[in-house]
file start.cif (mmCIF, C-alpha atoms and all ligand atoms)
data_entry
#
loop_
_atom_site.label_atom_id
_atom_site.label_comp_id
_atom_site.auth_asym_id
_atom_site.auth_seq_id
_atom_site.Cartn_x
_atom_site.Cartn_y
_atom_site.Cartn_z
CA MET A 1 -24.40 -4.80 -14.82
CA LEU A 2 -24.52 -1.70 -16.98
CA ASP A 3 -20.70 -1.70 -17.19
CA LEU A 4 -20.87 -4.83 -19.32
CA PHE A 5 -22.57 -2.90 -22.11
CA LEU A 6 -20.57 0.31 -21.92
CA PRO A 7 -17.16 0.79 -23.51
CA PRO A 8 -14.40 0.66 -20.87
CA HIS A 9 -13.17 3.96 -19.45
CA CYS A 10 -9.85 5.09 -18.03
CA PRO A 11 -10.19 4.96 -14.21
CA ALA A 12 -8.32 8.27 -13.78
CA CYS A 13 -9.81 10.56 -16.46
CA ASP A 14 -12.79 8.68 -17.93
CA ALA A 15 -11.45 8.65 -21.52
CA MET A 16 -12.41 5.55 -23.49
CA VAL A 17 -9.86 2.73 -23.43
CA SER A 18 -9.57 -0.59 -25.27
CA ALA A 19 -10.07 -2.89 -22.28
CA PRO A 20 -11.30 -2.58 -18.67
CA GLY A 21 -8.64 -1.92 -16.05
CA LEU A 22 -6.30 -0.01 -18.34
CA LEU A 23 -5.13 3.58 -17.99
CA CYS A 24 -5.45 5.65 -21.16
CA ALA A 25 -2.18 6.50 -22.94
CA ASP A 26 -2.13 10.07 -21.53
CA CYS A 27 -2.68 8.95 -17.94
CA PHE A 28 -0.15 6.15 -18.28
CA ARG A 29 2.43 8.72 -19.41
CA GLN A 30 1.61 11.02 -16.50
CA THR A 31 1.76 8.27 -13.89
CA GLY A 32 4.93 8.44 -11.79
CA PHE A 33 5.87 4.80 -11.51
CA VAL A 34 8.52 4.27 -8.84
CA THR A 35 11.74 3.20 -10.51
CA GLU A 36 15.34 2.99 -9.29
CA PRO A 37 17.09 4.69 -7.62
CA PHE A 38 15.17 4.30 -4.38
CA CYS A 39 16.05 3.51 -0.77
CA ALA A 40 16.97 -0.18 -0.54
CA ARG A 41 15.10 -0.43 2.74
CA CYS A 42 11.95 1.70 2.69
CA GLY A 43 11.68 2.19 -1.07
CA VAL A 44 11.38 5.97 -1.02
CA PRO A 45 12.35 7.24 -4.48
CA PHE A 46 15.54 9.27 -4.77
CA ALA A 47 15.62 12.30 -7.05
CA ALA A 48 18.93 11.30 -8.66
CA SER A 49 21.26 8.34 -8.54
CA GLY A 50 23.95 8.49 -5.89
CA LEU A 51 21.79 10.39 -3.43
CA GLY A 52 21.49 7.46 -1.06
CA GLY A 53 25.21 6.81 -0.80
CA SER A 54 26.88 3.50 -1.51
CA ASP A 55 24.41 1.43 0.49
CA GLN A 56 21.46 3.33 -1.03
CA LEU A 57 19.65 4.04 2.22
CA CYS A 58 17.63 7.21 2.76
CA PRO A 59 18.51 9.44 5.75
CA GLY A 60 15.45 8.20 7.66
CA CYS A 61 16.49 4.54 7.41
CA HIS A 62 20.05 5.46 8.37
CA ALA A 63 18.85 7.27 11.50
CA VAL A 64 16.10 4.86 12.61
CA PRO A 65 15.86 1.61 10.62
CA PRO A 66 12.23 0.52 10.19
CA VAL A 67 10.78 -2.55 11.91
CA PHE A 68 9.80 -4.04 8.54
CA ARG A 69 12.48 -5.49 6.27
CA ARG A 70 11.80 -3.78 2.92
CA ALA A 71 9.02 -1.68 1.45
CA ARG A 72 8.20 -1.13 -2.22
CA ALA A 73 5.62 1.00 -3.98
CA ALA A 74 4.12 0.96 -7.46
CA LEU A 75 3.57 4.70 -7.95
CA ARG A 76 4.39 8.05 -6.51
CA TYR A 77 1.56 9.65 -4.57
CA ASP A 78 1.62 12.81 -6.67
CA ALA A 79 -1.24 14.64 -8.42
CA GLN A 80 -1.77 11.80 -10.89
CA GLY A 81 -1.44 9.14 -8.18
CA ARG A 82 -4.13 10.90 -6.16
CA ARG A 83 -6.51 10.77 -9.16
CA LEU A 84 -6.47 6.99 -8.77
CA ILE A 85 -6.12 6.58 -5.01
CA LEU A 86 -8.67 9.12 -3.75
CA PRO A 87 -11.70 7.75 -5.67
CA PHE A 88 -10.55 4.23 -4.80
CA LYS A 89 -10.51 5.14 -1.11
CA HIS A 90 -13.42 7.48 -0.75
CA ALA A 91 -15.80 7.12 -3.70
CA ASP A 92 -16.67 3.42 -3.89
CA ARG A 93 -14.50 2.96 -6.99
CA THR A 94 -13.48 -0.51 -5.85
CA GLU A 95 -12.68 -1.62 -9.41
CA ILE A 96 -9.52 0.54 -9.23
CA ALA A 97 -7.94 -2.27 -7.15
CA SER A 98 -7.58 -4.29 -10.35
CA VAL A 99 -5.90 -1.32 -12.06
CA LEU A 100 -3.35 -0.85 -9.27
CA ALA A 101 -2.66 -4.51 -8.49
CA PRO A 102 -0.64 -5.41 -11.63
CA HIS A 103 1.65 -2.43 -11.01
CA MET A 104 2.09 -3.52 -7.38
CA VAL A 105 2.96 -7.04 -8.53
CA ARG A 106 5.64 -5.60 -10.81
CA ALA A 107 7.10 -3.30 -8.12
CA GLY A 108 6.95 -6.01 -5.46
CA ALA A 109 8.08 -9.01 -7.53
CA ALA A 110 11.08 -9.78 -5.28
CA LEU A 111 8.97 -9.40 -2.12
CA LEU A 112 6.16 -11.55 -3.49
CA ARG A 113 8.55 -14.36 -4.38
CA GLU A 114 9.46 -14.68 -0.70
CA ALA A 115 6.02 -14.06 0.78
CA ASP A 116 4.08 -16.88 2.45
CA LEU A 117 1.07 -14.74 3.27
CA LEU A 118 -0.41 -11.34 2.29
CA VAL A 119 -1.96 -9.30 5.12
CA PRO A 120 -3.71 -5.94 4.58
CA VAL A 121 -3.47 -2.97 6.93
CA PRO A 122 -6.87 -3.01 8.69
CA LEU A 123 -9.41 -0.24 9.12
CA HIS A 124 -10.99 0.40 12.49
CA ARG A 125 -14.42 -1.25 12.51
CA ALA A 126 -16.21 2.12 12.74
CA ARG A 127 -14.53 3.27 9.54
CA LEU A 128 -15.09 -0.07 7.86
CA PHE A 129 -18.80 0.23 8.67
CA HIS A 130 -18.89 3.70 7.14
CA ARG A 131 -16.82 2.87 4.01
CA ARG A 132 -18.09 -0.71 3.65
CA TYR A 133 -14.79 -1.97 2.24
CA ASN A 134 -11.14 -1.99 3.27
CA GLN A 135 -9.20 -0.68 0.29
CA ALA A 136 -6.03 -2.43 1.50
CA GLY A 137 -7.95 -5.72 1.68
CA LEU A 138 -9.14 -5.29 -1.92
CA LEU A 139 -5.54 -4.67 -3.01
CA ALA A 140 -4.26 -7.70 -1.07
CA SER A 141 -6.89 -9.93 -2.72
CA ALA A 142 -6.13 -8.59 -6.20
CA VAL A 143 -2.35 -8.89 -5.75
CA GLY A 144 -2.71 -12.36 -4.24
CA ARG A 145 -4.81 -13.51 -7.20
CA ILE A 146 -2.22 -12.36 -9.75
CA ALA A 147 0.84 -13.55 -7.79
CA ARG A 148 -0.86 -16.70 -6.49
CA ARG A 149 -0.19 -15.99 -2.87
CA PRO A 150 -2.65 -16.65 -0.03
CA CYS A 151 -4.18 -13.73 1.89
CA LEU A 152 -5.19 -13.57 5.52
CA LEU A 153 -7.50 -10.58 5.28
CA ASP A 154 -8.45 -10.37 8.97
CA ALA A 155 -5.05 -11.13 10.52
CA LEU A 156 -4.74 -7.64 12.02
CA LEU A 157 -7.10 -5.53 14.10
CA ARG A 158 -7.05 -1.77 14.52
CA ARG A 159 -7.69 -1.42 18.23
CA ARG A 160 -8.70 2.22 18.22
CA PRO A 161 -9.58 4.69 15.51
CA THR A 162 -6.50 6.73 14.69
CA ALA A 163 -6.80 10.39 13.78
CA SER A 164 -6.05 11.33 10.19
CA LEU A 165 -2.29 11.45 9.77
CA GLY A 166 -2.57 14.03 6.99
CA GLU A 167 -0.84 17.04 8.51
CA LYS A 168 1.20 15.27 11.15
CA SER A 169 4.98 15.09 11.40
CA ALA A 170 6.80 11.76 11.37
CA VAL A 171 7.16 11.85 15.17
CA GLU A 172 3.45 12.62 15.64
CA ARG A 173 2.50 9.85 13.20
CA THR A 174 4.55 7.32 15.15
CA ALA A 175 2.94 8.39 18.43
CA GLU A 176 -0.55 8.18 16.88
CA VAL A 177 -0.21 4.61 15.58
CA THR A 178 2.03 3.02 18.23
CA GLY A 179 0.04 0.18 19.79
CA ALA A 180 -2.94 0.86 17.52
CA PHE A 181 -2.69 -2.57 15.84
CA GLN A 182 -2.79 -6.11 17.14
CA VAL A 183 -2.98 -9.57 15.66
CA ARG A 184 -6.49 -11.04 15.92
CA PRO A 185 -6.09 -13.74 18.60
CA SER A 186 -7.92 -16.37 16.52
CA ARG A 187 -5.48 -15.77 13.63
CA ALA A 188 -2.22 -15.67 15.61
CA GLY A 189 -1.39 -19.34 14.96
CA ARG A 190 -1.51 -18.80 11.20
CA LEU A 191 1.33 -16.24 11.36
CA VAL A 192 3.91 -18.28 13.26
CA GLY A 193 7.04 -18.80 11.17
CA LYS A 194 5.54 -17.00 8.16
CA ARG A 195 7.12 -14.42 5.88
CA VAL A 196 4.37 -11.83 5.74
CA LEU A 197 3.85 -9.22 3.05
CA LEU A 198 1.85 -6.32 4.46
CA ILE A 199 -0.34 -4.53 1.88
CA ASP A 200 -1.60 -0.93 2.01
CA ASP A 201 -2.80 1.74 -0.39
CA VAL A 202 -0.54 4.66 0.54
CA MET A 203 2.65 4.88 2.57
CA THR A 204 3.72 8.25 3.93
CA SER A 205 6.19 8.13 6.81
CA GLY A 206 5.98 4.36 7.21
CA ALA A 207 4.65 4.75 10.79
CA THR A 208 1.53 2.66 10.10
CA ALA A 209 3.53 -0.06 8.33
CA ASN A 210 5.99 -0.10 11.22
CA ALA A 211 3.26 -0.44 13.84
CA CYS A 212 1.63 -3.31 11.88
CA ALA A 213 5.00 -5.00 11.36
CA ALA A 214 5.71 -4.82 15.09
CA ALA A 215 2.38 -6.56 15.84
CA LEU A 216 3.04 -9.28 13.22
CA LEU A 217 6.57 -9.92 14.48
CA ALA A 218 5.30 -10.09 18.06
CA ALA A 219 3.02 -12.89 16.81
CA CYS A 220 6.14 -14.76 15.61
CA ALA A 221 6.02 -13.94 11.90
CA VAL A 222 9.65 -14.37 10.78
CA SER A 223 9.77 -11.28 8.58
CA VAL A 224 7.52 -8.50 7.34
CA ASP A 225 7.89 -6.75 3.99
CA VAL A 226 5.54 -4.00 2.81
CA LEU A 227 3.98 -3.43 -0.60
CA VAL A 228 1.85 -0.34 -1.26
CA ALA A 229 0.12 1.13 -4.28
CA ALA A 230 1.54 4.62 -3.80
CA ARG A 231 4.39 6.23 -1.89
CA VAL A 232 4.59 9.84 -0.74
CA PRO A 233 8.00 11.11 -1.87
CA ASP A 234 10.20 12.18 1.04
CA PRO A 235 10.31 16.00 1.06
CA ARG A 236 13.75 15.88 2.69
CA LEU A 237 15.10 14.34 -0.50
CA ASN A 238 14.08 17.50 -2.31
CA GLU A 239 12.33 15.97 -5.27
ZN ZN A 301 -6.87 8.65 -18.53
ZN ZN A 302 14.60 4.48 3.51
#

call {"tool": "encode", "arguments": {"input": "start.cif", "output": "structure tokens"}}
result
Amino acid sequence: MLDLFLPPHCPACDAMVSAPGLLCADCFRQTGFVTEPFCARCGVPFAASGLGGSDQLCPGCHAVPPVFRRARAALRYDAQGRRLILPFKHADRTEIASVLAPHMVRAGAALLREADLLVPVPLHRARLFHRRYNQAGLLASAVGRIARRPCLLDALLRRRPTASLGEKSAVERTAEVTGAFQVRPSRAGRLVGKRVLLIDDVMTSGATANACAAALLAACAVSVDVLVAARVPDPRLNE
């Protein structure tokens, strides 16, 4: 309630701004929006044009193509990206979803045009109980509202709590999340023949997105694209 009477503040640095949901001019300048060139498949930003070769695929997608079709991200998960994502995830700053969503809609315009249904990456119920909200679900709702696409917020289940992927290698991440997700049986019928757009807050190696995509495809979704708020740049691309 109090927010209605206070001047709006920048969600990243708390400076006053002209309208709610806007970054201040300084933070906007510092935000690393993902722009071309990036990997045509997984969306990882390239440091310079030409790095991906003629087909513009990153080395990871060349070696092991992901299960999902394409992934796109609004911002780089760098120091400035973390100033938005960390409070959104861990400090009850749920209003940041409406700051991130318009940038996700811009980055994912082509994916959204083809999407029949938005599905968020789920939390395990123990973590959901502790955090009280699924940040990916808030993003899916906010993106769906802007892009006028339906959401199926409880389509996926996280079967077991997965350990934090923070310090893990790509191989360890894949092992940790393989089989961790399943389609909720009561929702399976809603996915048949659908082009699904999976929504998450941060994408690192893509292991979580891959595991979710595998579960959705097993439930007869025809394709799975991925749209995230922030993307960890690939260290192998030497940014
Ligand atoms: Zn700011
Ligand atoms: Zn790639």

call {"tool": "residues_near_ligand", "arguments": {"input": "start.cif", "ligand": "ligand ZN 302 (chain A)", "cutoff": "8 Å", "atoms": "all atoms listed in the file", "output": "count of residues only"}}
result
14

call {"tool": "residues_around", "arguments": {"input": "start.cif", "residues": "range 151-160 of chain A", "least_positions_apart": "2", "cutoff": "7 Å", "atoms": "all atoms listed in the file", "output": "list in words"}}
result
Leu117, Leu118, Val119, Pro120, Pro122, Leu123, His124, Gly137, Ala140, Ser141, Gly144, Arg149, Thr162, Ala180, Phe181, Gln182, Val183, Arg184 and Arg187 of chain A

call {"tool": "closest_atom_pairs", "arguments": {"input": "start.cif", "of": "chain A", "to": "ligand ZN 301 (chain A)", "cutoff": "10 Å", "atoms": "all atoms listed in the file", "output": "CSV"}}
result
residue,atom,partner,partner_atom,distance
A:His9,CA,A:ZN301,ZN,7.9
A:Cys10,CA,A:ZN301,ZN,4.7
A:Pro11,CA,A:ZN301,ZN,6.6
A:Ala12,CA,A:ZN301,ZN,5.0
A:Cys13,CA,A:ZN301,ZN,4.1
A:Asp14,CA,A:ZN301,ZN,6.0
A:Ala15,CA,A:ZN301,ZN,5.5
A:Met16,CA,A:ZN301,ZN,8.1
A:Val17,CA,A:ZN301,ZN,8.2
A:Leu22,CA,A:ZN301,ZN,8.7
A:Leu23,CA,A:ZN301,ZN,5.4
A:Cys24,CA,A:ZN301,ZN,4.2
A:Ala25,CA,A:ZN301,ZN,6.8
A:Asp26,CA,A:ZN301,ZN,5.8
A:Cys27,CA,A:ZN301,ZN,4.2
A:Phe28,CA,A:ZN301,ZN,7.2
A:Arg29,CA,A:ZN301,ZN,9.3
A:Gln30,CA,A:ZN301,ZN,9.0
A:Thr31,CA,A:ZN301,ZN,9.8
A:Gln80,CA,A:ZN301,ZN,9.7
A:Arg83,CA,A:ZN301,ZN,9.6
A:Leu84,CA,A:ZN301,ZN,9.9

call {"tool": "closest_residue", "arguments": {"input": "start.cif", "among": "A:Ala215, A:Leu227, A:Val196, A:Ala97", "to": "Tyr133 in chain A", "atoms": "all atoms listed in the file"}}
result
A:Ala97

call {"tool": "closest_residue", "arguments": {"input": "start.cif", "among": "A:Gly179, A:Val232, A:Gln135, A:Leu216", "to": "Ala91 in chain A", "atoms": "all atoms listed in the file"}}
result
A:Gln135

call {"tool": "closest_residue", "arguments": {"input": "start.cif", "among": "A:Val64, A:Ser169, A:Ser164, A:Pro102", "to": "Arg145 in chain A", "atoms": "all atoms listed in the file"}}
result
A:Pro102

call {"tool": "closest_residue", "arguments": {"input": "start.cif", "among": "A:Asp201, A:Glu176, A:Glu114, A:Glu36", "to": "Arg82 in chain A", "atoms": "all atoms listed in the file"}}
result
A:Asp201

call {"tool": "build_atoms", "arguments": {"input": "start.cif", "residues": "range 25-41 of chain A", "atoms": "N, CA, C and O atoms", "output": "PDB file, keeping the file's coordinate frame"}}
result
ATOM      1  N   ALA A  25      -3.588   6.229 -22.635  1.00  0.00           N
ATOM      2  CA  ALA A  25      -2.180   6.500 -22.940  1.00  0.00           C
ATOM      3  C   ALA A  25      -1.691   7.761 -22.234  1.00  0.00           C
ATOM      4  O   ALA A  25      -0.580   7.799 -21.700  1.00  0.00           O
ATOM      5  N   ASP A  26      -2.532   8.814 -22.187  1.00  0.00           N
ATOM      6  CA  ASP A  26      -2.130  10.070 -21.530  1.00  0.00           C
ATOM      7  C   ASP A  26      -1.892   9.855 -20.033  1.00  0.00           C
ATOM      8  O   ASP A  26      -0.888  10.314 -19.486  1.00  0.00           O
ATOM      9  N   CYS A  27      -2.821   9.162 -19.383  1.00  0.00           N
ATOM     10  CA  CYS A  27      -2.680   8.950 -17.940  1.00  0.00           C
ATOM     11  C   CYS A  27      -1.495   8.038 -17.645  1.00  0.00           C
ATOM     12  O   CYS A  27      -0.778   8.241 -16.672  1.00  0.00           O
ATOM     13  N   PHE A  28      -1.289   7.040 -18.478  1.00  0.00           N
ATOM     14  CA  PHE A  28      -0.150   6.150 -18.280  1.00  0.00           C
ATOM     15  C   PHE A  28       1.145   6.955 -18.317  1.00  0.00           C
ATOM     16  O   PHE A  28       2.025   6.791 -17.466  1.00  0.00           O
ATOM     17  N   ARG A  29       1.242   7.875 -19.290  1.00  0.00           N
ATOM     18  CA  ARG A  29       2.430   8.720 -19.410  1.00  0.00           C
ATOM     19  C   ARG A  29       2.629   9.600 -18.194  1.00  0.00           C
ATOM     20  O   ARG A  29       3.750   9.836 -17.760  1.00  0.00           O
ATOM     21  N   GLN A  30       1.507  10.090 -17.642  1.00  0.00           N
ATOM     22  CA  GLN A  30       1.610  11.020 -16.500  1.00  0.00           C
ATOM     23  C   GLN A  30       1.816  10.306 -15.174  1.00  0.00           C
ATOM     24  O   GLN A  30       2.077  10.938 -14.159  1.00  0.00           O
ATOM     25  N   THR A  31       1.649   8.997 -15.156  1.00  0.00           N
ATOM     26  CA  THR A  31       1.760   8.270 -13.890  1.00  0.00           C
ATOM     27  C   THR A  31       3.224   8.121 -13.507  1.00  0.00           C
ATOM     28  O   THR A  31       4.041   7.676 -14.310  1.00  0.00           O
ATOM     29  N   GLY A  32       3.548   8.523 -12.259  1.00  0.00           N
ATOM     30  CA  GLY A  32       4.930   8.440 -11.790  1.00  0.00           C
ATOM     31  C   GLY A  32       5.204   7.080 -11.193  1.00  0.00           C
ATOM     32  O   GLY A  32       5.136   6.893  -9.979  1.00  0.00           O
ATOM     33  N   PHE A  33       5.518   6.117 -12.035  1.00  0.00           N
ATOM     34  CA  PHE A  33       5.870   4.800 -11.510  1.00  0.00           C
ATOM     35  C   PHE A  33       7.192   4.912 -10.757  1.00  0.00           C
ATOM     36  O   PHE A  33       8.101   5.622 -11.189  1.00  0.00           O
ATOM     37  N   VAL A  34       7.288   4.218  -9.631  1.00  0.00           N
ATOM     38  CA  VAL A  34       8.520   4.270  -8.840  1.00  0.00           C
ATOM     39  C   VAL A  34       9.550   3.361  -9.507  1.00  0.00           C
ATOM     40  O   VAL A  34       9.317   2.168  -9.686  1.00  0.00           O
ATOM     41  N   THR A  35      10.653   3.965  -9.903  1.00  0.00           N
ATOM     42  CA  THR A  35      11.740   3.200 -10.510  1.00  0.00           C
ATOM     43  C   THR A  35      13.028   3.514  -9.745  1.00  0.00           C
ATOM     44  O   THR A  35      13.084   4.480  -8.986  1.00  0.00           O
ATOM     45  N   GLU A  36      14.062   2.719  -9.948  1.00  0.00           N
ATOM     46  CA  GLU A  36      15.340   2.990  -9.290  1.00  0.00           C
ATOM     47  C   GLU A  36      15.882   4.330  -9.774  1.00  0.00           C
ATOM     48  O   GLU A  36      15.601   4.715 -10.908  1.00  0.00           O
ATOM     49  N   PRO A  37      16.627   5.084  -8.954  1.00  0.00           N
ATOM     50  CA  PRO A  37      17.090   4.690  -7.620  1.00  0.00           C
ATOM     51  C   PRO A  37      16.052   4.982  -6.531  1.00  0.00           C
ATOM     52  O   PRO A  37      15.355   5.977  -6.570  1.00  0.00           O
ATOM     53  N   PHE A  38      15.975   4.072  -5.575  1.00  0.00           N
ATOM     54  CA  PHE A  38      15.170   4.300  -4.380  1.00  0.00           C
ATOM     55  C   PHE A  38      15.871   3.668  -3.189  1.00  0.00           C
ATOM     56  O   PHE A  38      16.816   2.883  -3.360  1.00  0.00           O
ATOM     57  N   CYS A  39      15.436   4.035  -1.991  1.00  0.00           N
ATOM     58  CA  CYS A  39      16.050   3.510  -0.770  1.00  0.00           C
ATOM     59  C   CYS A  39      15.888   1.990  -0.739  1.00  0.00           C
ATOM     60  O   CYS A  39      14.788   1.462  -0.898  1.00  0.00           O
ATOM     61  N   ALA A  40      16.998   1.283  -0.524  1.00  0.00           N
ATOM     62  CA  ALA A  40      16.970  -0.180  -0.540  1.00  0.00           C
ATOM     63  C   ALA A  40      16.061  -0.729   0.552  1.00  0.00           C
ATOM     64  O   ALA A  40      15.514  -1.815   0.418  1.00  0.00           O
ATOM     65  N   ARG A  41      15.886   0.047   1.608  1.00  0.00           N
ATOM     66  CA  ARG A  41      15.100  -0.430   2.740  1.00  0.00           C
ATOM     67  C   ARG A  41      13.622  -0.042   2.623  1.00  0.00           C
ATOM     68  O   ARG A  41      12.759  -0.883   2.492  1.00  0.00           O
TER      69      ARG A  41
END
